[in-house]
Structure formats: C-alpha cells, structure tokens
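Student: Please find query17.txt (compact mmCIF, C-alpha atoms and all ligand atoms) on the next line:
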# COMPACT_ATOMS: atom_id res chain seq x y z
CA MET A 1 -38.55 -5.07 -8.14
CA ASP A 2 -36.52 -7.63 -10.00
CA LEU A 3 -33.09 -7.63 -8.37
CA GLU A 4 -31.26 -7.92 -11.68
CA LEU A 5 -32.97 -4.80 -12.96
CA ALA A 6 -32.28 -2.95 -9.74
CA VAL A 7 -28.58 -3.70 -9.80
CA LYS A 8 -27.72 -3.58 -13.45
CA PRO A 9 -28.25 0.09 -14.29
CA ALA A 10 -25.75 1.18 -11.64
CA ARG A 11 -23.19 -1.28 -12.94
CA ARG A 12 -23.81 -0.28 -16.54
CA ALA A 13 -23.51 3.37 -15.68
CA GLY A 14 -20.00 2.44 -14.55
CA LYS A 15 -20.23 3.91 -11.09
CA GLY A 16 -16.78 4.93 -10.01
CA LEU A 17 -13.62 4.61 -12.01
CA ASP A 18 -13.43 3.17 -15.50
CA ARG A 19 -12.59 -0.49 -15.03
CA ILE A 20 -10.18 -0.37 -17.94
CA LEU A 21 -7.85 1.54 -15.65
CA THR A 22 -7.51 -1.54 -13.44
CA LEU A 23 -5.41 -3.42 -15.95
CA GLU A 24 -3.64 -0.27 -17.11
CA LEU A 25 -2.34 0.14 -13.57
CA VAL A 26 -0.57 -3.19 -13.79
CA ARG A 27 1.76 -1.81 -16.44
CA VAL A 28 2.66 1.06 -14.14
CA THR A 29 3.81 -1.07 -11.21
CA GLU A 30 5.38 -3.67 -13.52
CA ARG A 31 7.58 -1.04 -15.10
CA ALA A 32 8.65 0.41 -11.78
CA ALA A 33 9.36 -3.03 -10.33
CA VAL A 34 11.51 -4.11 -13.27
CA ALA A 35 13.51 -0.88 -13.12
CA ALA A 36 14.11 -1.30 -9.37
CA ALA A 37 14.88 -5.00 -9.72
CA ARG A 38 17.72 -4.26 -12.13
CA LEU A 39 19.40 -2.55 -9.18
CA ARG A 40 18.29 -5.10 -6.59
CA GLY A 41 20.93 -6.35 -4.19
CA ARG A 42 23.47 -3.69 -5.18
CA GLY A 43 23.46 -1.88 -1.85
CA ASP A 44 22.40 1.37 -3.50
CA GLU A 45 18.97 2.38 -2.24
CA LYS A 46 18.93 5.75 -3.96
CA ALA A 47 19.73 4.41 -7.42
CA ALA A 48 17.04 1.72 -7.18
CA ASP A 49 14.50 4.24 -5.91
CA GLN A 50 15.29 6.76 -8.65
CA ALA A 51 15.01 4.09 -11.34
CA ALA A 52 11.61 3.04 -9.99
CA VAL A 53 10.39 6.66 -9.81
CA ASP A 54 11.45 7.42 -13.39
CA ALA A 55 9.88 4.25 -14.78
CA MET A 56 6.63 4.72 -12.88
CA ARG A 57 6.33 8.32 -13.97
CA ASN A 58 6.86 7.47 -17.64
CA GLU A 59 4.17 4.83 -17.59
CA LEU A 60 1.76 6.91 -15.50
CA ASN A 61 1.92 9.69 -18.04
CA ARG A 62 0.52 7.34 -20.65
CA LEU A 63 -2.67 6.67 -18.67
CA PRO A 64 -5.85 8.36 -19.88
CA ILE A 65 -6.36 10.21 -16.61
CA SER A 66 -6.13 13.66 -15.18
CA GLY A 67 -4.26 12.57 -12.07
CA THR A 68 -2.86 14.44 -9.11
CA VAL A 69 -0.30 12.81 -6.85
CA VAL A 70 -1.58 13.20 -3.28
CA ILE A 71 0.69 10.61 -1.66
CA GLY A 72 4.07 10.66 -3.34
CA GLU A 73 7.76 11.11 -3.12
CA GLY A 74 7.84 14.11 -0.83
CA GLU A 75 7.24 17.77 -1.60
CA ARG A 76 8.30 19.44 -4.81
CA ASP A 77 11.64 20.77 -3.58
CA GLU A 78 12.78 17.44 -2.10
CA ALA A 79 11.73 15.13 -4.92
CA PRO A 80 12.47 15.77 -8.56
CA MET A 81 9.54 13.65 -9.67
CA LEU A 82 6.23 12.31 -8.46
CA TYR A 83 6.04 14.94 -5.75
CA ILE A 84 2.81 15.73 -3.96
CA GLY A 85 0.73 17.93 -6.23
CA GLU A 86 2.38 16.75 -9.44
CA GLU A 87 -0.09 16.22 -12.27
CA VAL A 88 0.23 12.98 -14.18
CA GLY A 89 -1.53 11.18 -16.99
CA THR A 90 -2.49 12.34 -20.46
CA GLY A 91 -4.89 14.85 -18.93
CA SER A 92 -7.72 13.60 -21.10
CA GLY A 93 -9.50 11.30 -18.66
CA PRO A 94 -11.22 11.42 -15.28
CA LYS A 95 -9.85 13.48 -12.42
CA VAL A 96 -8.23 11.11 -9.94
CA ASP A 97 -6.17 11.14 -6.76
CA ILE A 98 -3.03 9.03 -6.84
CA ALA A 99 -1.09 7.50 -3.98
CA LEU A 100 2.16 5.85 -4.93
CA ASP A 101 5.41 4.45 -3.72
CA PRO A 102 7.49 3.39 -6.75
CA LEU A 103 9.80 1.41 -4.48
CA GLU A 104 8.34 0.61 -1.07
CA GLY A 105 11.20 -0.82 0.94
CA THR A 106 14.26 0.74 -0.69
CA THR A 107 16.57 -0.79 1.91
CA ILE A 108 15.01 -4.22 1.42
CA CYS A 109 15.62 -3.90 -2.31
CA ALA A 110 19.21 -2.77 -1.84
CA LYS A 111 19.81 -5.81 0.37
CA ASN A 112 17.65 -8.10 -1.79
CA GLN A 113 15.56 -9.15 1.18
CA PRO A 114 11.86 -10.10 1.10
CA ASN A 115 8.82 -7.94 0.35
CA SER A 116 9.90 -4.81 -1.47
CA ILE A 117 7.18 -3.78 -3.94
CA ALA A 118 6.24 -1.12 -6.47
CA VAL A 119 2.82 0.14 -5.42
CA ILE A 120 0.08 2.54 -6.52
CA ALA A 121 -3.54 3.36 -5.69
CA ILE A 122 -6.00 5.48 -7.65
CA ALA A 123 -9.31 6.92 -6.46
CA GLU A 124 -11.76 9.55 -7.57
CA ALA A 125 -10.47 13.09 -6.97
CA GLY A 126 -10.77 14.08 -3.32
CA SER A 127 -11.13 10.51 -2.04
CA LEU A 128 -7.71 9.78 -0.57
CA LEU A 129 -6.47 11.10 2.74
CA ASN A 130 -3.79 13.70 2.05
CA ALA A 131 -1.36 12.48 4.66
CA PRO A 132 1.88 14.38 5.10
CA ASP A 133 5.13 12.44 5.24
CA VAL A 134 5.01 11.89 8.99
CA TYR A 135 4.46 8.69 10.97
CA MET A 136 1.22 6.84 11.49
CA GLN A 137 0.22 4.41 14.21
CA LYS A 138 -1.48 1.47 12.51
CA LEU A 139 -3.53 -1.54 13.45
CA ALA A 140 -4.85 -3.95 10.81
CA ILE A 141 -6.46 -7.37 10.52
CA GLY A 142 -7.71 -9.35 7.57
CA PRO A 143 -11.25 -10.07 6.34
CA GLY A 144 -13.83 -12.30 8.02
CA TYR A 145 -13.91 -10.66 11.43
CA ARG A 146 -16.94 -8.81 12.73
CA PRO A 147 -16.88 -5.06 12.03
CA GLY A 148 -15.56 -2.95 14.86
CA LEU A 149 -13.38 -5.71 16.31
CA ILE A 150 -10.20 -3.67 16.46
CA ASP A 151 -9.53 -0.60 18.57
CA ILE A 152 -6.24 1.22 18.14
CA ASP A 153 -6.59 2.57 21.68
CA ALA A 154 -7.01 -0.84 23.30
CA PRO A 155 -3.92 -2.36 24.93
CA PRO A 156 -2.07 -4.47 22.31
CA ALA A 157 -2.28 -7.55 24.54
CA GLU A 158 -6.04 -7.17 24.61
CA THR A 159 -6.16 -6.87 20.81
CA ILE A 160 -4.20 -10.10 20.47
CA ARG A 161 -6.46 -11.96 22.92
CA VAL A 162 -9.66 -10.76 21.25
CA LEU A 163 -8.29 -11.74 17.85
CA ALA A 164 -7.34 -15.24 19.03
CA ARG A 165 -10.79 -15.72 20.55
CA GLU A 166 -12.55 -14.56 17.38
CA LYS A 167 -10.31 -16.70 15.17
CA GLY A 168 -10.96 -19.68 17.40
CA VAL A 169 -7.31 -20.42 18.13
CA SER A 170 -5.09 -20.11 21.17
CA VAL A 171 -3.11 -16.88 21.59
CA ALA A 172 0.08 -18.85 20.94
CA GLU A 173 -1.16 -19.49 17.41
CA ILE A 174 -1.44 -15.79 16.57
CA THR A 175 1.38 -14.01 14.72
CA ALA A 176 1.70 -10.24 14.76
CA CYS A 177 3.79 -8.29 12.27
CA ILE A 178 5.75 -5.34 13.66
CA LEU A 179 8.48 -3.09 12.21
CA ASP A 180 11.80 -3.81 13.92
CA ARG A 181 12.45 -0.40 15.47
CA PRO A 182 13.61 0.72 18.93
CA ARG A 183 10.38 2.72 19.24
CA HIS A 184 8.50 -0.58 19.32
CA ALA A 185 10.36 -2.12 22.27
CA LYS A 186 7.39 -1.79 24.63
CA LEU A 187 4.88 -2.90 22.02
CA ILE A 188 6.96 -5.99 21.25
CA GLU A 189 7.22 -6.81 24.94
CA GLU A 190 3.46 -6.44 25.43
CA VAL A 191 2.58 -8.62 22.47
CA ARG A 192 5.10 -11.28 23.49
CA SER A 193 3.72 -11.27 27.05
CA THR A 194 0.53 -12.80 25.64
CA GLY A 195 2.40 -15.76 24.19
CA ALA A 196 1.80 -14.65 20.59
CA ALA A 197 4.57 -14.75 17.98
CA ILE A 198 5.97 -11.67 16.27
CA ARG A 199 7.27 -11.41 12.72
CA LEU A 200 9.75 -8.55 12.89
CA ILE A 201 10.24 -6.80 9.57
CA GLY A 202 13.03 -4.40 8.64
CA ASP A 203 10.88 -2.26 6.32
CA GLY A 204 7.88 -2.62 4.09
CA ASP A 205 4.77 -2.16 6.16
CA VAL A 206 2.46 -1.76 3.14
CA ALA A 207 3.19 -5.43 2.49
CA GLY A 208 3.01 -6.11 6.24
CA VAL A 209 -0.57 -4.81 6.43
CA ILE A 210 -1.63 -6.59 3.24
CA HIS A 211 -0.21 -9.84 4.60
CA THR A 212 -2.91 -9.88 7.28
CA THR A 213 -5.47 -10.47 4.53
CA SER A 214 -4.12 -13.96 3.75
CA PRO A 215 -3.01 -15.38 7.10
CA ASP A 216 -3.00 -18.96 5.80
CA GLU A 217 -0.48 -18.01 3.15
CA THR A 218 1.61 -15.41 4.94
CA GLY A 219 1.31 -16.59 8.54
CA ILE A 220 0.45 -13.06 9.68
CA ASP A 221 -2.79 -12.30 11.55
CA VAL A 222 -2.38 -8.72 12.67
CA TYR A 223 -0.21 -5.70 11.93
CA LEU A 224 0.63 -3.25 14.73
CA GLY A 225 2.91 -0.29 15.23
CA ILE A 226 4.18 2.98 13.86
CA GLY A 227 5.31 3.34 10.24
CA GLY A 228 5.05 5.93 7.48
CA ALA A 229 1.74 7.77 7.03
CA PRO A 230 1.93 7.62 3.21
CA GLU A 231 2.39 3.85 3.49
CA GLY A 232 -0.66 3.80 5.76
CA VAL A 233 -2.88 5.33 3.09
CA LEU A 234 -1.59 2.89 0.48
CA ALA A 235 -2.27 -0.05 2.78
CA ALA A 236 -5.75 1.32 3.54
CA ALA A 237 -6.48 1.49 -0.19
CA ALA A 238 -5.53 -2.18 -0.53
CA LEU A 239 -7.75 -3.20 2.38
CA ARG A 240 -10.69 -1.30 0.88
CA CYS A 241 -10.43 -3.69 -2.06
CA ILE A 242 -9.39 -6.99 -0.53
CA GLY A 243 -11.24 -6.70 2.80
CA GLY A 244 -10.05 -6.45 6.36
CA GLN A 245 -10.07 -3.69 8.93
CA MET A 246 -7.55 -0.98 9.64
CA GLN A 247 -7.21 2.05 11.86
CA GLY A 248 -4.53 4.72 11.66
CA ARG A 249 -3.62 7.89 13.49
CA LEU A 250 -0.94 10.38 12.52
CA VAL A 251 2.06 10.58 14.84
CA THR A 252 3.81 13.94 14.72
CA HIS A 253 6.91 15.18 16.47
CA SER A 254 6.80 18.93 15.95
CA GLU A 255 4.50 21.89 15.61
CA GLU A 256 5.73 22.24 12.04
CA GLN A 257 4.52 18.72 11.22
CA ARG A 258 1.16 19.37 12.86
CA GLN A 259 0.72 22.56 10.85
CA ARG A 260 1.62 20.72 7.67
CA ALA A 261 -0.98 18.08 8.50
CA ALA A 262 -3.56 20.80 9.14
CA ARG A 263 -2.77 22.47 5.82
CA MET A 264 -3.33 19.11 4.14
CA GLY A 265 -6.71 18.73 5.82
CA VAL A 266 -6.04 16.83 9.04
CA VAL A 267 -7.15 19.43 11.54
CA ASP A 268 -7.73 17.07 14.47
CA ILE A 269 -4.29 15.53 14.73
CA ASN A 270 -5.53 12.86 17.18
CA ARG A 271 -8.23 11.63 14.87
CA VAL A 272 -8.37 7.91 14.25
CA PHE A 273 -9.03 7.10 10.60
CA THR A 274 -10.47 3.80 9.44
CA HIS A 275 -9.28 2.39 6.13
CA GLU A 276 -12.65 3.44 4.70
CA GLU A 277 -11.95 7.04 5.72
CA MET A 278 -8.40 7.01 4.34
CA ALA A 279 -9.47 5.73 0.92
CA ARG A 280 -13.07 6.48 -0.04
CA GLY A 281 -15.21 5.75 -3.09
CA ASP A 282 -14.03 3.48 -5.87
CA VAL A 283 -10.38 2.59 -5.36
CA LEU A 284 -7.95 0.73 -7.59
CA PHE A 285 -4.76 -0.73 -6.15
CA ALA A 286 -1.80 -2.50 -7.76
CA ALA A 287 1.48 -3.84 -6.42
CA THR A 288 4.27 -5.71 -8.21
CA GLY A 289 6.94 -7.65 -6.35
CA VAL A 290 10.49 -6.34 -6.69
CA THR A 291 12.13 -8.85 -4.36
CA ASP A 292 10.58 -12.21 -3.48
CA GLY A 293 7.88 -11.87 -0.87
CA ASN A 294 5.24 -13.76 1.07
CA MET A 295 2.53 -13.01 -1.48
CA LEU A 296 4.34 -11.78 -4.58
CA SER A 297 7.42 -13.16 -6.28
CA GLY A 298 10.17 -10.78 -7.25
CA VAL A 299 11.05 -9.88 -10.83
CA ARG A 300 12.85 -12.67 -12.70
CA PHE A 301 15.28 -11.91 -15.49
CA GLY A 302 15.09 -15.03 -17.66
CA LYS A 303 16.87 -16.19 -20.77
CA THR A 304 13.93 -15.36 -23.01
CA GLY A 305 11.95 -12.82 -21.02
CA ILE A 306 11.25 -10.98 -17.82
CA THR A 307 8.63 -12.31 -15.41
CA THR A 308 6.65 -10.07 -13.06
CA ASP A 309 4.12 -10.89 -10.36
CA THR A 310 1.38 -8.36 -9.64
CA VAL A 311 -1.76 -8.12 -7.59
CA VAL A 312 -4.39 -5.66 -8.79
CA MET A 313 -7.73 -4.99 -7.16
CA ARG A 314 -10.79 -2.78 -7.26
CA SER A 315 -12.94 -1.79 -4.31
CA SER A 316 -16.30 -1.39 -6.03
CA THR A 317 -16.30 -5.02 -7.17
CA GLY A 318 -13.89 -6.54 -4.66
CA THR A 319 -12.12 -8.35 -7.50
CA VAL A 320 -8.54 -9.31 -6.74
CA ARG A 321 -6.43 -10.43 -9.70
CA TRP A 322 -3.01 -12.03 -9.55
CA ILE A 323 -1.16 -11.36 -12.76
CA LYS A 324 2.00 -13.26 -13.52
CA ALA A 325 3.32 -11.75 -16.73
CA THR A 326 6.11 -12.82 -19.04
CA HIS A 327 7.47 -9.94 -21.06
CA GLN A 328 9.26 -10.77 -24.25
CA ASP A 329 9.40 -7.28 -25.73
CA LEU A 330 12.25 -6.20 -23.52
CA GLU A 331 12.81 -2.93 -25.31
CA LYS A 332 9.75 -1.46 -23.65
CA PHE A 333 11.63 -1.48 -20.37
CA ASP A 334 14.47 0.53 -21.84
CA GLU A 335 12.43 3.31 -23.41
CA ALA A 336 12.89 6.66 -21.82
CA GLY A 337 9.31 7.76 -22.31
C1 LIG B 401 7.80 2.10 7.18
C2 LIG B 401 8.21 1.10 6.13
C3 LIG B 401 8.84 1.73 4.94
O1 LIG B 401 9.47 3.58 6.34
O2 LIG B 401 6.66 2.82 6.80
C4 LIG B 401 8.99 2.98 7.51
O3 LIG B 401 7.08 0.40 5.68
C5 LIG B 401 8.75 4.00 8.58
O4 LIG B 401 9.86 4.85 8.76
O5 LIG B 401 9.29 0.73 4.06
P1 LIG B 401 11.21 4.51 9.61
O6 LIG B 401 12.10 3.74 8.67
O7 LIG B 401 11.76 5.85 9.97
O8 LIG B 401 10.84 3.69 10.78
C6 LIG B 401 9.96 2.66 5.38
O9 LIG B 401 11.00 1.92 5.98
C7 LIG B 401 10.53 3.38 4.15
O10 LIG B 401 9.53 3.96 3.36
MG MG B 402 9.55 5.44 -1.92
MG MG B 403 8.10 3.78 1.36
Translate the structure described by the file into structure tokens.

Tutor:
Amino acid sequence: MDLELAVKPARRAGKGLDRILTLELVRVTERAAVAAARLRGRGDEKAADQAAVDAMRNELNRLPISGTVVIGEGERDEAPMLYIGEEVGTGSGPKVDIALDPLEGTTICAKNQPNSIAVIAIAEAGSLLNAPDVYMQKLAIGPGYRPGLIDIDAPPAETIRVLAREKGVSVAEITACILDRPRHAKLIEEVRSTGAAIRLIGDGDVAGVIHTTSPDETGIDVYLGIGGAPEGVLAAAALRCIGGQMQGRLVTHSEEQRQRAARMGVVDINRVFTHEEMARGDVLFAATGVTDGNMLSGVRFGKTGITTDTVVMRSSTGTVRWIKATHQDLEKFDEAG
C-alpha cells in the first residue's frame, strides 16, 4: 500500500491529544514562570512558590480540557491549590492527566541560581504514573544510544564506563549530574573513581534529567541519584518527547509511604519503571525558565515588555519547539483569573 495513504488517516484522525493544546500549554508555564520570577532572588521560597501555583492554576482553568492533577502540590490538606486529584480546565474538553510543578527548584529561585523552571505535562487520562510524594532513584541518558543501554541496578561506575564506550570518548570526558546531598556521598565517590566529572546541583533534577538530552549544549551526559518521585514523572514525560532513556524506582522510608504508593497503584514497590512506563500514550510537556539555566533563559523584565523562554514538546510527533516570547500586554500577568 502507498505509504502516504497508510500513514495519513491516523494523523488526520488526530490520534492522541489535540495538538492545539501544545501551544496552549506554553501560556500556562509562561504565566507561572513570570509570577515566580517577580519574587526571584528574594530569599522567600514560599512566596515564589505560591505565586507560581496561583498563576498556573488560573491559566490552567482556561484550557479546554477536563483535567485531573495526578502529580501536583501534595495532597488536598497540605496544598491549598493544585493538589493531587484537583480537577482543572474548563471541563469541556478531553479527559487528561496532568503532572505539574509550578516552581521546580523553589530554593534555586529564592537564591536566583541556575535552572529553576515552571513545568507541566499532560497525557491522556490514565497514562501518567501516579507517584506519591516520596523519593525516586533515577538514571537517565540522552537520545542516540542503543535501547536497553542503561540499567539502574548496575554499579554506577559500570554505567559510566559503558556510556563512555558507546559515546566513543574516554571516561574522563563524561560528566554526570547528581543532586548535592549527603545521601549521595557513596554514589559521588563511585562515579569519581572512574575519572568522570560530576556536576553537583543544589536542586532541580527535572532540568538535570532533561540536560542529558543535549550534552553538547549542557555538558551533561548522564543523570544519577535519588530525587523527588513527582519530579521523576515530569522528567520521564519530557524524555518521552525529546528522546533518551530513563529508569526510576520509588524509594520509600516507611510502611505508611509504601501503603500510600500501593493505594496510588504502585503495588510492587521495587518495580523499575522506564520513562515509557511512567508517561504513556501521547504526552505534551512544557517548561519555562524562571532563573537562567543551561537550556532555558530566565524571565527578563524589560523596559517595554517581559521576555520568556519556553520549551514545548509532543511525544506522538517528537516535535520540540523553543519559544522565546516577548509580552507587551503586561496586564495579563496581573489578572487574578
Ligand atoms: C529534587 C529536586 C527538587 O527536591 O527532586 C529534590 O529536583 C529531592 O528532595 O528541586 P530533597 O530536597 O529532599 O533531596 C527538590 O529539591 C524540590 O522539589
Ligand atoms: Mg513545587
Ligand atoms: Mg519540585
């Protein structure tokens, strides 16, 4: 059969999410990023976070979707808004799962350090892993490597050596990104023992994982270590769109956490999830820089307008768009709703 004819009907039928939503998502992260950036470098994490949450929620509620937050700002009693289970959107459109972090890297934002972002992912209802707010062990590399290259259970030194071999460089030319935490002391030692370099980050491992997808730009080849599980699902959604490989496994510290995970659907707590299992079907992902970062610039407040830098992507087409926007209608950022 003619290939064109074979492919076109599926595309025309609009398999997956309505592509119009892709660009609509940009407004959502732009708004959250601008709100957070107004409080950037003020040393007040909570205020910046709350501003981002409010702005994201307002904009989300304008989207023609019937959305349910599955990865959000905690449970209903802890978070006034955008809690897990909260319904967002106009309610008139498709049923979708939403993973969001209105301000990923609140501490980074408060200190005005690199790589805090406003981030969101949308997928068809039932397609995103409902991860509780516990930790997740993560391992991620960028696109271009043969499938199945990474193994979260392999010794980290082995992972680094295999990666160097496959990239065709010496181990000394590999850079791993790891969260700077006492819990990573052994991991850091093991990676350094190979001769590889480590980029230690204070927070922001959604960005850390995404940075592996453009090693020439960011200088990061691999992400390893334990960070937030919600952030893991967001990063997985990005990798579904942009390419790369990721594995994650929940890390719990109490029976209560394990029961919560089970209630949310993770019955085998030791299960290793690939990025494809954490974010299935058609996925849309958007992130806007709040502070300057390796891939995204932070919000700029100019004399005549506000500039934002956003990346937005869709898994079913693999299209990745970089949208630098200049906003001259500044009132829209002040509206309450
Ligand atoms: C990471 C990091 C986040 O949480 O996921 C981290 O990417 C994990 O928690 O920016 P700890 O801080 O307890 O190590 C954040 O720092 C905050 O969401
Ligand atoms: Mg947050
Ligand atoms: Mg976060």

Student: Please indicate the distance in Å from atom CA of A:His275 to atom CA of A:Val222, rounded to one decimal place.

Tutor: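 Computing it gives 14.6 Å between the two atoms.
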
Student: What lies within 12 Å of A:Leu129 using all atoms listed in the file, ignoring chain neighbours under 4 positions off, as a PyMOL selection string?

Tutor: chain A and resi 69-71+97-99+121-125+133+229-237+248-250+261-262+264-266+273-281

Student: To one decimal in Å, tell me the separation between atom C7 of ligand LIG 401 (chain B) and atom CA of A:Met81.

Tutor: 17.2 Å

Student: For a test of reading the model, state the distance in Å between atom C6 of ligand LIG 401 (chain B) and atom CA of A:Gly318, rounded to one decimal.

Tutor: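 We find that atom C6 of ligand LIG 401 (chain B) and atom CA of A:Gly318 lie 27.5 Å from each other.
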
Student: Find the residue from A:Pro132, A:Gly85, A:Gly74, A:Gly126 that sits nearest to A:Asp101; use only C-alpha atoms when measuring.

Tutor: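 Residue with the minimum atom-to-atom distance to A:Asp101: A:Gly74.
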
Student: Using only C-alpha atoms and all ligand atoms, pick whichever of A:Ile160, A:Met136, A:Ala131, A:Val34 has the shortest atom-to-atom distance to ligand LIG 401 (chain B).

Tutor: A:Met136

Student: Rank nothing, just name the residue among A:Gly195, A:Pro64, A:Gly43, A:Pro102 nearest to ligand MG 403 (chain B), using all atoms listed in the file.

Tutor: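 Closest to ligand MG 403 (chain B), using all atoms listed in the file: A:Pro102.
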
Student: Just want the 12 Å neighbourhood of A:Ala207, counted on all atoms listed in the file, with same-chain residues fewer than 4 positions away dropped. Output as JSON, numbers by chain.

Tutor: {"A": [101, 103, 104, 105, 108, 114, 115, 116, 117, 118, 119, 140, 177, 178, 179, 201, 202, 203, 211, 212, 213, 214, 218, 220, 223, 227, 231, 232, 234, 235, 236, 238, 239, 286, 287, 288, 289, 290, 291, 292, 293, 294, 295, 296, 311]}

Student: From the set A:Ala325, A:Val96, A:Val53, A:Ala35, which residue has the shortest atom-to-atom contact distance to A:Gly67, counting only C-alpha atoms?

Tutor: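 That would be A:Val96, the residue with the smallest distance to A:Gly67.
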
Student: Between A:Ile174, A:Leu17, A:Met313, A:Leu39, which one has atoms that come closest to A:Ala196, using only C-alpha atoms?

Tutor: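 Closest candidate: A:Ile174.
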
Student: Determine the nearest neighbour of ligand LIG 401 (chain B) from the options A:Gly72, A:Pro156, A:Gly219, A:Gly41, counting all atoms listed in the file.

Tutor: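 With all atoms listed in the file as the atom set, the closest residue is A:Gly72.
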
Student: Could you model all heavy atoms for stretch 287-296 of chain A and present them as a compact mmCIF listing (two decimals), in the frame of the given file?

Tutor:
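Output saved as selection-v7.txt:
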# COMPACT_ATOMS: atom_id res chain seq x y z
N ALA A 287 0.13 -3.69 -6.96
CA ALA A 287 1.48 -3.84 -6.42
C ALA A 287 2.19 -4.95 -7.18
O ALA A 287 1.62 -6.02 -7.41
CB ALA A 287 1.44 -4.17 -4.93
N THR A 288 3.44 -4.69 -7.56
CA THR A 288 4.27 -5.71 -8.21
C THR A 288 5.48 -6.00 -7.33
O THR A 288 6.09 -5.07 -6.79
CB THR A 288 4.77 -5.21 -9.60
OG1 THR A 288 3.65 -4.89 -10.41
CG2 THR A 288 5.60 -6.27 -10.30
N GLY A 289 5.79 -7.27 -7.17
CA GLY A 289 6.94 -7.65 -6.35
C GLY A 289 8.25 -7.23 -6.99
O GLY A 289 8.43 -7.43 -8.20
N VAL A 290 9.14 -6.66 -6.21
CA VAL A 290 10.49 -6.34 -6.69
C VAL A 290 11.42 -7.46 -6.22
O VAL A 290 12.11 -8.10 -7.02
CB VAL A 290 10.97 -4.96 -6.16
CG1 VAL A 290 12.41 -4.70 -6.57
CG2 VAL A 290 10.05 -3.85 -6.66
N THR A 291 11.41 -7.69 -4.90
CA THR A 291 12.13 -8.85 -4.36
C THR A 291 11.09 -9.91 -4.01
O THR A 291 9.90 -9.60 -3.88
CB THR A 291 12.93 -8.46 -3.09
OG1 THR A 291 12.00 -7.92 -2.12
CG2 THR A 291 14.00 -7.43 -3.39
N ASP A 292 11.52 -11.14 -3.84
CA ASP A 292 10.58 -12.21 -3.48
C ASP A 292 9.89 -11.87 -2.17
O ASP A 292 10.53 -11.34 -1.25
CB ASP A 292 11.33 -13.54 -3.33
CG ASP A 292 11.61 -14.17 -4.67
OD1 ASP A 292 10.99 -13.75 -5.66
OD2 ASP A 292 12.45 -15.09 -4.72
N GLY A 293 8.61 -12.16 -2.09
CA GLY A 293 7.88 -11.87 -0.87
C GLY A 293 6.94 -12.98 -0.48
O GLY A 293 6.88 -14.02 -1.15
N ASN A 294 6.16 -12.74 0.57
CA ASN A 294 5.24 -13.76 1.07
C ASN A 294 4.04 -13.95 0.14
O ASN A 294 3.41 -14.99 0.13
CB ASN A 294 4.71 -13.39 2.45
CG ASN A 294 5.80 -13.27 3.46
OD1 ASN A 294 6.70 -12.47 3.31
ND2 ASN A 294 5.74 -14.08 4.49
N MET A 295 3.68 -12.90 -0.60
CA MET A 295 2.53 -13.01 -1.48
C MET A 295 2.90 -12.84 -2.94
O MET A 295 2.23 -13.36 -3.81
CB MET A 295 1.47 -11.96 -1.11
CG MET A 295 0.73 -12.28 0.18
SD MET A 295 -0.37 -10.92 0.66
CE MET A 295 -1.86 -11.41 -0.18
N LEU A 296 3.93 -12.06 -3.20
CA LEU A 296 4.34 -11.78 -4.58
C LEU A 296 5.78 -12.21 -4.79
O LEU A 296 6.64 -11.97 -3.93
CB LEU A 296 4.24 -10.27 -4.87
CG LEU A 296 2.84 -9.67 -4.88
CD1 LEU A 296 2.91 -8.14 -4.80
CD2 LEU A 296 2.06 -10.11 -6.11
